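Student: Next comes query-v4.cif, mmCIF, C-alpha atoms and all ligand atoms:
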data_target
#
loop_
_atom_site.label_atom_id
_atom_site.label_comp_id
_atom_site.auth_asym_id
_atom_site.auth_seq_id
_atom_site.Cartn_x
_atom_site.Cartn_y
_atom_site.Cartn_z
CA MET A 666 -12.63 23.73 16.81
CA PRO A 667 -9.74 21.26 16.77
CA THR A 668 -8.02 21.24 13.42
CA LYS A 669 -8.23 18.17 11.27
CA THR A 670 -5.29 15.85 11.08
CA ASN A 671 -3.79 15.21 7.67
CA ASP A 672 -5.16 11.68 7.93
CA GLN A 673 -8.70 12.91 8.58
CA ALA A 674 -8.48 15.35 5.69
CA LEU A 675 -7.26 12.62 3.34
CA ARG A 676 -10.00 10.25 4.51
CA GLU A 677 -12.62 12.87 3.73
CA ARG A 678 -11.23 13.37 0.26
CA ALA A 679 -10.96 9.60 -0.24
CA GLU A 680 -14.56 9.04 0.75
CA ARG A 681 -15.70 11.18 -2.16
CA VAL A 682 -13.78 9.24 -4.80
CA ILE A 683 -13.19 5.78 -3.32
CA PRO A 684 -15.99 3.51 -2.04
CA ASN A 685 -15.73 3.48 1.77
CA GLY A 686 -12.67 5.71 1.44
CA MET A 687 -10.50 2.60 1.18
CA TYR A 688 -11.03 -1.05 0.28
CA GLY A 689 -9.66 -4.50 0.86
CA HIS A 690 -7.42 -5.57 3.69
CA MET A 691 -5.90 -2.13 4.10
CA ALA A 692 -9.22 -0.41 4.83
CA VAL A 693 -9.02 0.84 8.40
CA ARG A 694 -12.69 1.75 8.66
CA PRO A 695 -14.81 0.05 9.94
CA ARG A 696 -12.65 -2.85 11.04
CA LEU A 697 -9.94 -1.22 13.12
CA PRO A 698 -10.09 1.30 15.97
CA GLU A 699 -10.08 5.00 15.09
CA ALA A 700 -6.52 5.31 16.45
CA TYR A 701 -5.29 3.58 13.31
CA PRO A 702 -4.11 5.98 10.61
CA GLN A 703 -5.20 5.15 7.10
CA PHE A 704 -2.45 6.95 5.22
CA PHE A 705 1.33 6.87 5.52
CA GLU A 706 4.07 9.16 4.41
CA ARG A 707 7.35 7.33 4.90
CA ALA A 708 8.79 3.93 5.78
CA GLU A 709 12.31 2.83 6.64
CA GLY A 710 13.62 -0.38 8.18
CA CYS A 711 10.89 -1.60 10.55
CA ARG A 712 9.46 1.88 11.08
CA LEU A 713 6.55 3.75 9.56
CA TRP A 714 5.52 7.38 9.70
CA ASP A 715 1.90 8.32 9.09
CA VAL A 716 0.84 11.44 7.20
CA ASP A 717 0.80 13.37 10.48
CA GLY A 718 4.42 12.49 11.25
CA ASN A 719 3.70 9.91 13.99
CA GLU A 720 6.30 7.17 14.12
CA TYR A 721 5.54 3.49 14.67
CA ILE A 722 7.54 0.33 15.08
CA ASP A 723 5.66 -1.79 12.59
CA PHE A 724 4.59 -5.38 13.16
CA ILE A 725 2.43 -5.68 10.05
CA CYS A 726 5.16 -5.25 7.42
CA ALA A 727 2.70 -4.13 4.72
CA TYR A 728 0.72 -7.33 5.55
CA GLY A 729 3.72 -9.46 4.69
CA PRO A 730 5.62 -8.08 1.69
CA MET A 731 8.23 -6.23 3.76
CA ILE A 732 10.65 -8.87 5.04
CA ALA A 733 14.10 -7.24 4.77
CA GLY A 734 13.23 -3.71 5.87
CA TYR A 735 11.32 -0.94 4.13
CA GLY A 736 13.62 0.64 1.58
CA ASN A 737 16.36 -1.92 2.20
CA PRO A 738 19.21 -0.05 0.46
CA ARG A 739 20.68 -3.12 -1.24
CA ILE A 740 17.40 -4.39 -2.56
CA ARG A 741 16.24 -0.95 -3.61
CA ALA A 742 19.51 -0.27 -5.43
CA ALA A 743 19.21 -3.55 -7.36
CA ALA A 744 15.60 -2.78 -8.32
CA ASP A 745 16.42 0.82 -9.26
CA ALA A 746 19.38 -0.23 -11.40
CA GLN A 747 17.22 -2.74 -13.25
CA ARG A 748 14.43 -0.15 -13.64
CA GLU A 749 16.88 2.26 -15.19
CA ARG A 750 18.12 -0.28 -17.73
CA LEU A 751 14.79 -1.94 -18.49
CA ASP A 752 11.60 -2.54 -16.55
CA MET A 753 8.70 -3.01 -18.98
CA ALA A 754 9.45 -4.00 -22.57
CA ASN A 755 8.42 -6.58 -25.17
CA GLY A 756 10.09 -9.27 -23.14
CA PRO A 757 11.64 -9.57 -19.69
CA PRO A 758 15.30 -8.94 -18.85
CA ALA A 759 17.78 -11.68 -17.91
CA ALA A 760 16.85 -11.10 -14.26
CA LEU A 761 13.76 -13.28 -14.75
CA VAL A 762 15.92 -16.26 -15.68
CA GLU A 763 18.47 -15.49 -12.96
CA PHE A 764 15.76 -15.39 -10.32
CA ALA A 765 14.13 -18.58 -11.65
CA GLU A 766 17.51 -20.32 -11.43
CA LYS A 767 18.19 -19.02 -7.94
CA PHE A 768 14.73 -19.73 -6.51
CA THR A 769 14.53 -23.25 -7.96
CA ARG A 770 18.00 -24.00 -6.54
CA GLN A 771 16.82 -22.82 -3.13
CA VAL A 772 13.42 -24.53 -2.91
CA SER A 773 13.88 -28.28 -2.81
CA HIS A 774 10.76 -29.43 -4.67
CA ALA A 775 11.14 -26.84 -7.45
CA GLU A 776 12.34 -27.77 -10.92
CA TRP A 777 10.80 -24.83 -12.74
CA ALA A 778 9.20 -21.45 -11.99
CA VAL A 779 6.71 -19.10 -13.55
CA PHE A 780 5.93 -15.62 -12.28
CA ALA A 781 3.00 -13.30 -11.81
CA LYS A 782 2.11 -10.32 -9.64
CA ASN A 783 -0.25 -11.19 -6.80
CA GLY A 784 -0.52 -14.21 -4.58
CA ASN A 785 -3.95 -14.87 -6.00
CA ASP A 786 -2.45 -15.06 -9.49
CA ALA A 787 -0.09 -17.73 -8.20
CA THR A 788 -2.73 -19.82 -6.42
CA THR A 789 -5.03 -19.58 -9.45
CA VAL A 790 -2.25 -20.61 -11.85
CA CYS A 791 -1.46 -23.59 -9.57
CA ASN A 792 -5.06 -24.73 -9.86
CA MET A 793 -5.02 -24.31 -13.65
CA ILE A 794 -1.81 -26.31 -14.00
CA ALA A 795 -3.08 -29.05 -11.68
CA ARG A 796 -6.28 -29.36 -13.72
CA GLY A 797 -4.41 -29.03 -17.01
CA ARG A 798 -2.24 -32.00 -16.14
CA ALA A 799 -4.90 -34.20 -14.63
CA GLY A 800 -7.84 -33.39 -16.89
CA LYS A 801 -9.88 -33.43 -13.67
CA ARG A 802 -11.90 -30.72 -11.99
CA LYS A 803 -12.05 -30.83 -8.20
CA ILE A 804 -9.66 -28.78 -6.10
CA LEU A 805 -10.02 -29.19 -2.33
CA VAL A 806 -9.54 -26.05 -0.23
CA GLY A 807 -9.47 -25.51 3.53
CA GLU A 808 -12.68 -24.27 5.13
CA THR A 809 -12.33 -20.48 5.54
CA ALA A 810 -8.74 -20.62 4.27
CA TYR A 811 -7.59 -17.50 2.46
CA HIS A 812 -5.98 -17.88 -0.96
CA GLY A 813 -6.91 -14.48 -2.41
CA SER A 814 -10.00 -12.48 -3.33
CA GLN A 815 -10.78 -13.89 -6.77
CA PRO A 816 -14.15 -15.64 -7.03
CA TRP A 817 -12.93 -19.25 -6.67
CA ALA A 818 -11.13 -18.34 -3.44
CA ASN A 819 -13.65 -15.86 -2.09
CA ARG A 820 -16.53 -17.10 0.00
CA MET A 821 -16.57 -14.08 2.26
CA SER A 822 -18.43 -11.49 0.30
CA ARG A 823 -21.22 -10.68 -2.06
CA GLY A 824 -20.52 -10.65 -5.78
CA THR A 825 -19.63 -14.32 -6.15
CA PRO A 826 -22.35 -16.81 -7.16
CA GLU A 827 -22.29 -20.14 -5.30
CA GLU A 828 -21.64 -21.93 -8.59
CA GLU A 829 -18.10 -20.53 -8.57
CA HIS A 830 -17.34 -22.98 -5.76
CA VAL A 831 -18.94 -26.12 -7.21
CA HIS A 832 -15.56 -27.67 -7.93
CA TYR A 833 -13.93 -26.51 -4.69
CA PRO A 834 -15.08 -28.80 -1.87
CA THR A 835 -13.77 -27.77 1.53
CA TYR A 836 -11.97 -29.72 4.23
CA ARG A 837 -11.08 -28.86 7.84
CA PHE A 838 -7.41 -28.02 8.36
CA ASN A 839 -5.51 -30.60 10.42
CA ASP A 840 -8.52 -32.99 10.35
CA ILE A 841 -7.25 -36.18 8.74
CA ASP A 842 -10.63 -37.95 8.75
CA HIS A 843 -12.35 -34.99 7.19
CA VAL A 844 -9.87 -34.37 4.39
CA THR A 845 -9.90 -38.12 3.67
CA ALA A 846 -13.69 -38.19 3.40
CA VAL A 847 -13.87 -35.07 1.22
CA ALA A 848 -11.16 -36.45 -1.07
CA GLU A 849 -12.99 -39.77 -1.31
CA ALA A 850 -16.15 -37.98 -2.39
CA ALA A 851 -14.15 -36.32 -5.18
CA SER A 852 -12.25 -39.49 -6.10
CA GLY A 853 -11.65 -39.86 -9.83
CA ASP A 854 -12.20 -36.14 -10.40
CA LEU A 855 -9.64 -34.82 -7.91
CA ALA A 856 -7.09 -32.51 -9.55
CA GLY A 857 -5.51 -31.06 -6.44
CA ILE A 858 -5.59 -30.17 -2.76
CA VAL A 859 -4.62 -26.63 -1.77
CA VAL A 860 -3.06 -26.34 1.67
CA SER A 861 -2.03 -23.30 3.68
CA THR A 862 1.41 -23.15 5.30
CA PHE A 863 -0.42 -23.26 8.62
CA ARG A 864 -3.92 -22.21 9.58
CA HIS A 865 -3.81 -18.43 9.42
CA ASP A 866 -7.24 -17.40 8.20
CA VAL A 867 -8.55 -14.46 10.18
CA PRO A 868 -10.04 -13.93 12.67
CA HIS A 869 -9.42 -17.48 13.94
CA GLU A 870 -6.52 -18.21 16.17
CA GLN A 871 -3.59 -19.54 14.24
CA GLU A 872 -2.87 -23.26 14.21
CA LEU A 873 0.40 -24.84 13.15
CA VAL A 874 0.15 -27.75 10.75
CA ASP A 875 0.19 -31.23 12.23
CA PRO A 876 2.91 -33.11 10.30
CA ALA A 877 0.69 -36.21 10.30
CA PHE A 878 -1.99 -34.19 8.49
CA ALA A 879 0.57 -32.90 5.98
CA ARG A 880 1.77 -36.44 5.30
CA LYS A 881 -1.80 -37.68 4.88
CA VAL A 882 -2.57 -34.98 2.32
CA ARG A 883 0.58 -36.03 0.42
CA GLU A 884 -0.59 -39.66 0.54
CA ILE A 885 -4.06 -38.80 -0.77
CA CYS A 886 -2.58 -36.76 -3.61
CA ASP A 887 -0.26 -39.63 -4.56
CA ALA A 888 -3.08 -42.16 -4.50
CA GLU A 889 -5.36 -39.93 -6.58
CA ASP A 890 -2.62 -38.64 -8.90
CA ALA A 891 -3.63 -35.14 -7.79
CA ALA A 892 -1.44 -32.11 -7.09
CA LEU A 893 -0.48 -31.13 -3.58
CA ILE A 894 -0.53 -27.33 -3.86
CA LEU A 895 1.17 -25.49 -1.00
CA ASP A 896 0.04 -21.90 -0.65
CA ASP A 897 3.17 -20.33 0.82
CA VAL A 898 2.09 -16.82 -0.17
CA ARG A 899 1.82 -15.59 3.43
CA GLY A 900 4.24 -17.89 5.25
CA GLY A 901 6.87 -18.25 2.52
CA LEU A 902 10.46 -17.25 3.46
CA ARG A 903 9.48 -16.44 7.04
CA LEU A 904 9.42 -19.99 8.40
CA SER A 905 12.01 -21.44 6.05
CA LEU A 906 14.06 -20.54 3.00
CA ASP A 907 12.70 -23.76 1.48
CA ALA A 908 8.99 -24.49 0.99
CA SER A 909 7.47 -24.40 4.47
CA TRP A 910 6.44 -28.06 4.72
CA SER A 911 9.93 -29.27 3.78
CA GLU A 912 10.77 -29.18 7.49
CA PHE A 913 8.88 -32.47 7.98
CA GLY A 914 9.68 -33.91 4.59
CA VAL A 915 6.44 -33.17 2.72
CA ARG A 916 7.12 -31.98 -0.81
CA PRO A 917 4.36 -30.20 -2.69
CA ASP A 918 3.96 -30.67 -6.44
CA LEU A 919 3.22 -27.00 -6.87
CA SER A 920 3.81 -24.08 -4.52
CA ALA A 921 2.48 -20.53 -4.66
CA TRP A 922 4.55 -17.58 -3.46
CA GLY A 923 4.06 -13.83 -3.34
CA LYS A 924 4.13 -11.11 -0.72
CA ALA A 925 7.72 -11.18 0.66
CA ILE A 926 9.70 -12.68 -2.21
CA ALA A 927 10.81 -9.30 -3.60
CA ASN A 928 10.59 -7.32 -0.33
CA GLY A 929 7.60 -5.32 -1.56
CA GLU A 930 8.29 -5.08 -5.27
CA PRO A 931 5.28 -6.70 -6.97
CA LEU A 932 6.09 -10.32 -7.71
CA ALA A 933 4.47 -13.72 -7.23
CA ALA A 934 5.73 -17.13 -8.24
CA VAL A 935 4.60 -20.67 -8.92
CA LEU A 936 7.20 -23.37 -8.40
CA GLY A 937 6.66 -26.90 -9.64
CA THR A 938 8.10 -30.35 -10.15
CA ASP A 939 9.01 -31.88 -13.48
CA ALA A 940 5.80 -33.92 -13.54
CA TYR A 941 3.92 -30.63 -13.91
CA ARG A 942 6.27 -28.96 -16.40
CA ASP A 943 4.38 -30.05 -19.49
CA ALA A 944 1.06 -28.84 -18.09
CA ALA A 945 2.66 -25.54 -17.13
CA GLN A 946 3.78 -25.21 -20.71
CA HIS A 947 0.37 -25.90 -22.22
CA VAL A 948 -1.93 -23.99 -19.89
CA PHE A 949 -2.24 -20.34 -20.93
CA PHE A 950 -1.76 -17.73 -18.21
CA THR A 951 -0.31 -14.27 -18.41
CA GLY A 952 -0.67 -10.64 -17.37
CA SER A 953 0.48 -7.31 -18.77
CA PHE A 954 2.83 -6.61 -15.88
CA TRP A 955 4.04 -10.11 -15.05
CA TYR A 956 7.40 -9.68 -16.80
CA GLN A 957 8.42 -6.36 -15.29
CA GLY A 958 12.16 -6.37 -14.64
CA ALA A 959 12.75 -4.50 -11.37
CA PRO A 960 10.93 -6.98 -9.11
CA PHE A 961 13.15 -9.83 -10.32
CA ALA A 962 16.26 -7.85 -9.46
CA ALA A 963 14.76 -7.09 -6.03
CA ALA A 964 13.85 -10.76 -5.52
CA ILE A 965 17.39 -11.97 -6.30
CA GLU A 966 18.75 -9.57 -3.71
CA THR A 967 16.02 -10.44 -1.18
CA LEU A 968 16.97 -14.13 -1.26
CA ASP A 969 20.61 -13.16 -0.67
CA VAL A 970 19.76 -10.90 2.26
CA LEU A 971 17.59 -13.59 3.86
CA ALA A 972 20.29 -16.24 3.43
CA GLU A 973 23.05 -14.00 4.79
CA THR A 974 21.04 -12.97 7.83
CA ASP A 975 19.66 -16.48 8.46
CA GLY A 976 16.35 -14.65 8.05
CA PRO A 977 13.80 -17.18 9.31
CA ARG A 978 15.81 -17.85 12.47
CA HIS A 979 16.35 -14.13 13.07
CA MET A 980 12.62 -13.47 12.72
CA GLU A 981 11.84 -16.41 14.98
CA ARG A 982 14.20 -15.05 17.64
CA VAL A 983 12.90 -11.48 17.66
CA GLY A 984 9.32 -12.77 17.36
CA GLN A 985 9.87 -14.92 20.43
CA GLN A 986 11.36 -11.95 22.28
CA LEU A 987 8.19 -10.00 21.52
CA ARG A 988 5.99 -12.94 22.51
CA ASP A 989 7.80 -13.54 25.82
CA GLY A 990 7.68 -9.84 26.64
CA LEU A 991 3.96 -9.60 25.92
CA TYR A 992 3.19 -12.64 28.09
CA GLU A 993 5.20 -11.24 30.97
CA GLN A 994 3.54 -7.83 30.73
CA ALA A 995 0.03 -9.25 30.37
CA GLN A 996 0.55 -11.35 33.48
CA ARG A 997 2.01 -8.47 35.46
CA HIS A 998 -0.90 -6.20 34.51
CA GLY A 999 -3.48 -8.92 35.21
CA HIS A 1000 -4.65 -9.71 31.67
CA GLY A 1001 -5.09 -13.13 30.12
CA ILE A 1002 -3.77 -13.34 26.59
CA ARG A 1003 -3.21 -16.13 24.08
CA GLN A 1004 -0.57 -15.91 21.41
CA SER A 1005 -0.72 -18.25 18.44
CA GLY A 1006 1.14 -19.11 15.28
CA PRO A 1007 4.88 -19.18 14.69
CA PRO A 1008 6.85 -16.40 16.42
CA GLN A 1009 7.71 -14.95 12.98
CA MET A 1010 3.97 -14.39 12.34
CA PRO A 1011 2.45 -13.87 15.77
CA MET A 1012 -1.15 -13.26 16.73
CA ILE A 1013 -2.36 -11.94 20.07
CA LYS A 1014 -5.85 -12.42 21.50
CA PHE A 1015 -7.27 -11.56 24.91
CA GLU A 1016 -9.10 -14.17 26.96
CA ASP A 1017 -12.84 -13.58 27.31
CA ASP A 1018 -12.85 -11.08 24.48
CA PRO A 1019 -15.27 -12.49 21.87
CA LYS A 1020 -15.84 -9.09 20.27
CA THR A 1021 -12.15 -8.11 20.35
CA GLU A 1022 -13.01 -5.09 22.54
CA LYS A 1023 -9.98 -5.55 24.78
CA GLY A 1024 -7.83 -6.36 21.77
CA ASN A 1025 -8.94 -3.17 20.06
CA ALA A 1026 -8.37 -1.07 23.16
CA PHE A 1027 -4.93 -2.56 23.73
CA CYS A 1028 -3.82 -2.13 20.11
CA ALA A 1029 -5.18 1.42 19.98
CA ALA A 1030 -3.20 2.24 23.13
CA ALA A 1031 -0.08 0.58 21.71
CA MET A 1032 -0.56 2.70 18.61
CA ARG A 1033 -0.56 5.85 20.71
CA HIS A 1034 2.76 4.65 22.16
CA GLY A 1035 4.30 4.10 18.76
CA VAL A 1036 3.73 0.37 18.22
CA TYR A 1037 1.70 -0.82 15.24
CA LEU A 1038 0.08 -4.14 16.18
CA HIS A 1039 -3.08 -5.79 14.89
CA PRO A 1040 -5.97 -6.94 17.10
CA TRP A 1041 -7.15 -9.87 14.97
CA HIS A 1042 -4.88 -10.44 11.98
CA ASN A 1043 -1.59 -12.27 12.22
CA MET A 1044 1.37 -9.94 12.37
CA PHE A 1045 4.76 -10.21 10.67
CA LEU A 1046 8.37 -9.86 11.80
CA SER A 1047 11.21 -8.96 9.45
CA VAL A 1048 14.99 -9.14 9.49
CA ALA A 1049 14.98 -5.37 9.98
CA HIS A 1050 13.55 -5.84 13.50
CA THR A 1051 16.44 -5.82 15.96
CA GLU A 1052 16.41 -6.84 19.61
CA ASP A 1053 16.57 -3.13 20.47
CA ASP A 1054 13.50 -2.43 18.33
CA ILE A 1055 11.62 -5.17 20.16
CA ALA A 1056 12.76 -3.82 23.53
CA GLN A 1057 11.54 -0.36 22.53
CA ALA A 1058 8.24 -1.77 21.25
CA LEU A 1059 7.78 -3.59 24.56
CA GLU A 1060 8.13 -0.28 26.42
CA GLY A 1061 5.15 0.92 24.37
CA THR A 1062 3.09 -2.21 24.95
CA ASP A 1063 3.83 -2.06 28.69
CA LYS A 1064 2.22 1.39 28.79
CA ALA A 1065 -0.65 0.08 26.67
CA PHE A 1066 -1.34 -2.78 29.10
CA ALA A 1067 -1.18 -0.31 31.98
CA GLU A 1068 -3.87 1.82 30.34
CA LEU A 1069 -6.29 -1.08 29.93
CA SER A 1070 -8.91 -1.02 32.67
C1 LIG A 1101 -2.14 -17.52 2.06
C2 LIG A 1101 -2.47 -16.49 1.04
N1 LIG A 1101 -2.67 -16.87 -0.24
C3 LIG A 1101 -2.96 -16.00 -1.20
C4 LIG A 1101 -3.09 -14.66 -0.91
C5 LIG A 1101 -3.41 -13.69 -1.99
O1 LIG A 1101 -2.33 -12.90 -2.24
P1 LIG A 1101 -2.54 -11.47 -2.93
O2 LIG A 1101 -3.24 -10.60 -1.94
O3 LIG A 1101 -1.16 -11.01 -3.24
O4 LIG A 1101 -3.36 -11.73 -4.15
C6 LIG A 1101 -2.89 -14.21 0.40
C7 LIG A 1101 -3.03 -12.80 0.75
O5 LIG A 1101 -3.10 -12.41 1.87
C8 LIG A 1101 -2.57 -15.15 1.40
O6 LIG A 1101 -2.38 -14.77 2.67
#
As structure tokens - that is how I would like this structure written.

Tutor:
Amino acid sequence: MPTKTNDQALRERAERVIPNGMYGHMAVRPRLPEAYPQFFERAEGCRLWDVDGNEYIDFICAYGPMIAGYGNPRIRAAADAQRERLDMANGPPAALVEFAEKFTRQVSHAEWAVFAKNGNDATTVCNMIARGRAGKRKILVGETAYHGSQPWANRMSRGTPEEEHVHYPTYRFNDIDHVTAVAEAASGDLAGIVVSTFRHDVPHEQELVDPAFARKVREICDAEDAALILDDVRGGLRLSLDASWSEFGVRPDLSAWGKAIANGEPLAAVLGTDAYRDAAQHVFFTGSFWYQGAPFAAAIETLDVLAETDGPRHMERVGQQLRDGLYEQAQRHGHGIRQSGPPQMPMIKFEDDPKTEKGNAFCAAAMRHGVYLHPWHNMFLSVAHTEDDIAQALEGTDKAFAELS
């Protein structure tokens, strides 16, 4: 009898005390191939070690939060020092104010900030502030867009009655006529339009935003006196150190941030313009852990690291190196692949692979060669990925392509 791996043993224990043995986006079973470990022991830089000691170059980055390297010494030291002085108390430490000052200086539309824990807290607070200011109800959301798992944002699963979505009409991303028509139907009661950085809802291929669409959404919001709410939870700080749509001059009224802003310490943020300050002051939102000190110290340091390393451009460069390498290998091994999204957040799909069978086989093989990819979710680069790491990862993917029949 082969002995069980540590991962198998932990999965068996987990299945007894945790529904399905794991839940949410980190549940390996049944959505990912068996080659994927469920449990990890150690992480450093852009590398992960599972509970059986296997090492991987990681292209998931904890599904986004890791942006400056697991255990980045500078960021960890800042968080640890703050934790030692004060983490949870009856009020936050000065680090909250310092981070609010720093982040609002950095993000061009931002004149104030409030903080929470998860991205879904931030998107929900944006909606509350938009409605609080406008005294209106409708918030438009992208069809199948992901803004978190709370009922208003969750159309994927059981447990949410349809009525939760009555005031959330949906529009098609990048479809100017459609968003215009849906906004017209809500006219007079339109409090806001939530937009994703780019179309990144799984398992669809990623689609960059058409600047003309972004400008149209801004125009509709201005005409309706509604909030343009940019959900930068997933894309934030990877495409730009400013809000992601600033590149083509579209300023949101409110933006939601989370995931990467404190390099894995739990922190989310809502940034807003002065027009929304009064509403932010009068809408009640809070959470027991929202004022914890260490994440603010980590976030201050994270912004510095990303500025000093020209983070978005670094991630774009190494992401492109990975993308170019994968295309070359796929072609050489006779496989058709499509890669979508920005290089910092790449996605790889095989041609003629509607059930992701080839994608699964390829990613499972890459896993065996020490490269942690994802067959249907966007991946993430970080500033801890060097050109050498990418070159080493490409050696693994070359073997993986070779093993595909
Ligand atoms: C675009 C976007 N918005 C909101 C969320 C929700 O963030 P969280 O999982 O931290 O609640 C996510 C999470 O993946 C996301 O990708």

Student: Taking all atoms listed in the file into account, which residues have an atom no farther than 9 Å from ligand LIG 1101 (chain A)? I'd like them as JSON, numbers by chain.

Tutor: {"A": [690, 728, 729, 730, 782, 783, 784, 785, 786, 787, 788, 810, 811, 812, 813, 814, 815, 818, 860, 861, 862, 863, 865, 866, 896, 897, 898, 899, 900, 921, 922, 923, 924, 931, 932, 933]}

Student: Looking at only C-alpha atoms, which of A:Ala892, A:Leu1059, A:Val806, A:Leu1046 is the one that sits closest to A:Tyr992?

Tutor: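 The closest residue to A:Tyr992 is A:Leu1059.
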
Student: Rank A:Leu751, A:Ala679, A:Ile926, A:Val935 by their smallest atom-to-atom distance to A:Leu968, using only C-alpha atoms, and report the top residue only.

Tutor: A:Ile926

Student: Write out as a PDB file with C-alpha atoms, keeping the file's coordinate frame the residues lying within 7 Å of A:Phe704, counting all atoms listed in the file and excluding same-chain residues fewer than 4 positions away.

Tutor:
ATOM      1  CA  ASP A 672      -5.160  11.680   7.930  1.00  0.00           C
ATOM      2  CA  ASP A 715       1.900   8.320   9.090  1.00  0.00           C
ATOM      3  CA  VAL A 716       0.840  11.440   7.200  1.00  0.00           C
TER       4      VAL A 716
END

Student: Report, in Å with one decimal, the straight-line distance from atom CA of A:Ala964 to atom CA of A:Pro1008.

Tutor: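 Between atom CA of A:Ala964 and atom CA of A:Pro1008 the gap is 23.7 Å.
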
Student: To one decimal place, how far is atom CA of A:Glu930 from atom CA of A:Ala963 in Å?

Tutor: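 Rounded to one decimal, the two atoms are 6.8 Å apart.
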
Student: Separation of atom CA of A:Val772 and atom CA of A:Leu987, in Å?

Tutor: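 Between these atoms lies a distance of 28.9 Å.
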
Student: Contacts of A:Lys1014 at 8 Å or less, counting all atoms listed in the file, minus same-chain residues fewer than 2 places along, as a list in words?

Tutor: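 The residues that qualify are Glu870, Ile1002, Arg1003, Gln1004, Met1012, Glu1016, Asp1018, Thr1021, Gly1024, Pro1040 and Trp1041 of chain A.
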
Student: Dump C-alpha atoms for the selected residues as an mmCIF file, keeping the file's coordinate frame?

Tutor:
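Saved the output as selection31.cif:
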data_model
loop_
_atom_site.group_PDB
_atom_site.id
_atom_site.type_symbol
_atom_site.label_atom_id
_atom_site.label_comp_id
_atom_site.auth_asym_id
_atom_site.auth_seq_id
_atom_site.Cartn_x
_atom_site.Cartn_y
_atom_site.Cartn_z
ATOM 1 C CA GLU A 870 -6.520 -18.210 16.170
ATOM 2 C CA ILE A 1002 -3.770 -13.340 26.590
ATOM 3 C CA ARG A 1003 -3.210 -16.130 24.080
ATOM 4 C CA GLN A 1004 -0.570 -15.910 21.410
ATOM 5 C CA MET A 1012 -1.150 -13.260 16.730
ATOM 6 C CA GLU A 1016 -9.100 -14.170 26.960
ATOM 7 C CA ASP A 1018 -12.850 -11.080 24.480
ATOM 8 C CA THR A 1021 -12.150 -8.110 20.350
ATOM 9 C CA GLY A 1024 -7.830 -6.360 21.770
ATOM 10 C CA PRO A 1040 -5.970 -6.940 17.100
ATOM 11 C CA TRP A 1041 -7.150 -9.870 14.970
#

Student: Have a look at A:Ser773, A:Gln1057, A:Asn839, A:Thr1062 and name the one nearest to A:Gly914; count only C-alpha atoms.

Tutor: A:Ser773

Student: From the structure just shown, export stretch 1004-1015 of chain A with C-alpha atoms as an mmCIF file, in the first residue's frame.

Tutor:
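Contents of decode_21.cif, freshly written:
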data_model
loop_
_atom_site.group_PDB
_atom_site.id
_atom_site.type_symbol
_atom_site.label_atom_id
_atom_site.label_comp_id
_atom_site.auth_asym_id
_atom_site.auth_seq_id
_atom_site.Cartn_x
_atom_site.Cartn_y
_atom_site.Cartn_z
ATOM 1 C CA GLN A 1004 -3.704 34.131 -23.654
ATOM 2 C CA SER A 1005 -5.885 36.975 -22.465
ATOM 3 C CA GLY A 1006 -5.871 39.878 -20.057
ATOM 4 C CA PRO A 1007 -3.005 42.157 -19.123
ATOM 5 C CA PRO A 1008 0.403 40.447 -18.816
ATOM 6 C CA GLN A 1009 0.371 41.199 -15.061
ATOM 7 C CA MET A 1010 -2.774 39.044 -14.703
ATOM 8 C CA PRO A 1011 -2.539 36.474 -17.469
ATOM 9 C CA MET A 1012 -4.939 33.715 -18.399
ATOM 10 C CA ILE A 1013 -4.154 30.751 -20.630
ATOM 11 C CA LYS A 1014 -6.719 28.669 -22.520
ATOM 12 C CA PHE A 1015 -6.267 25.912 -25.078
#
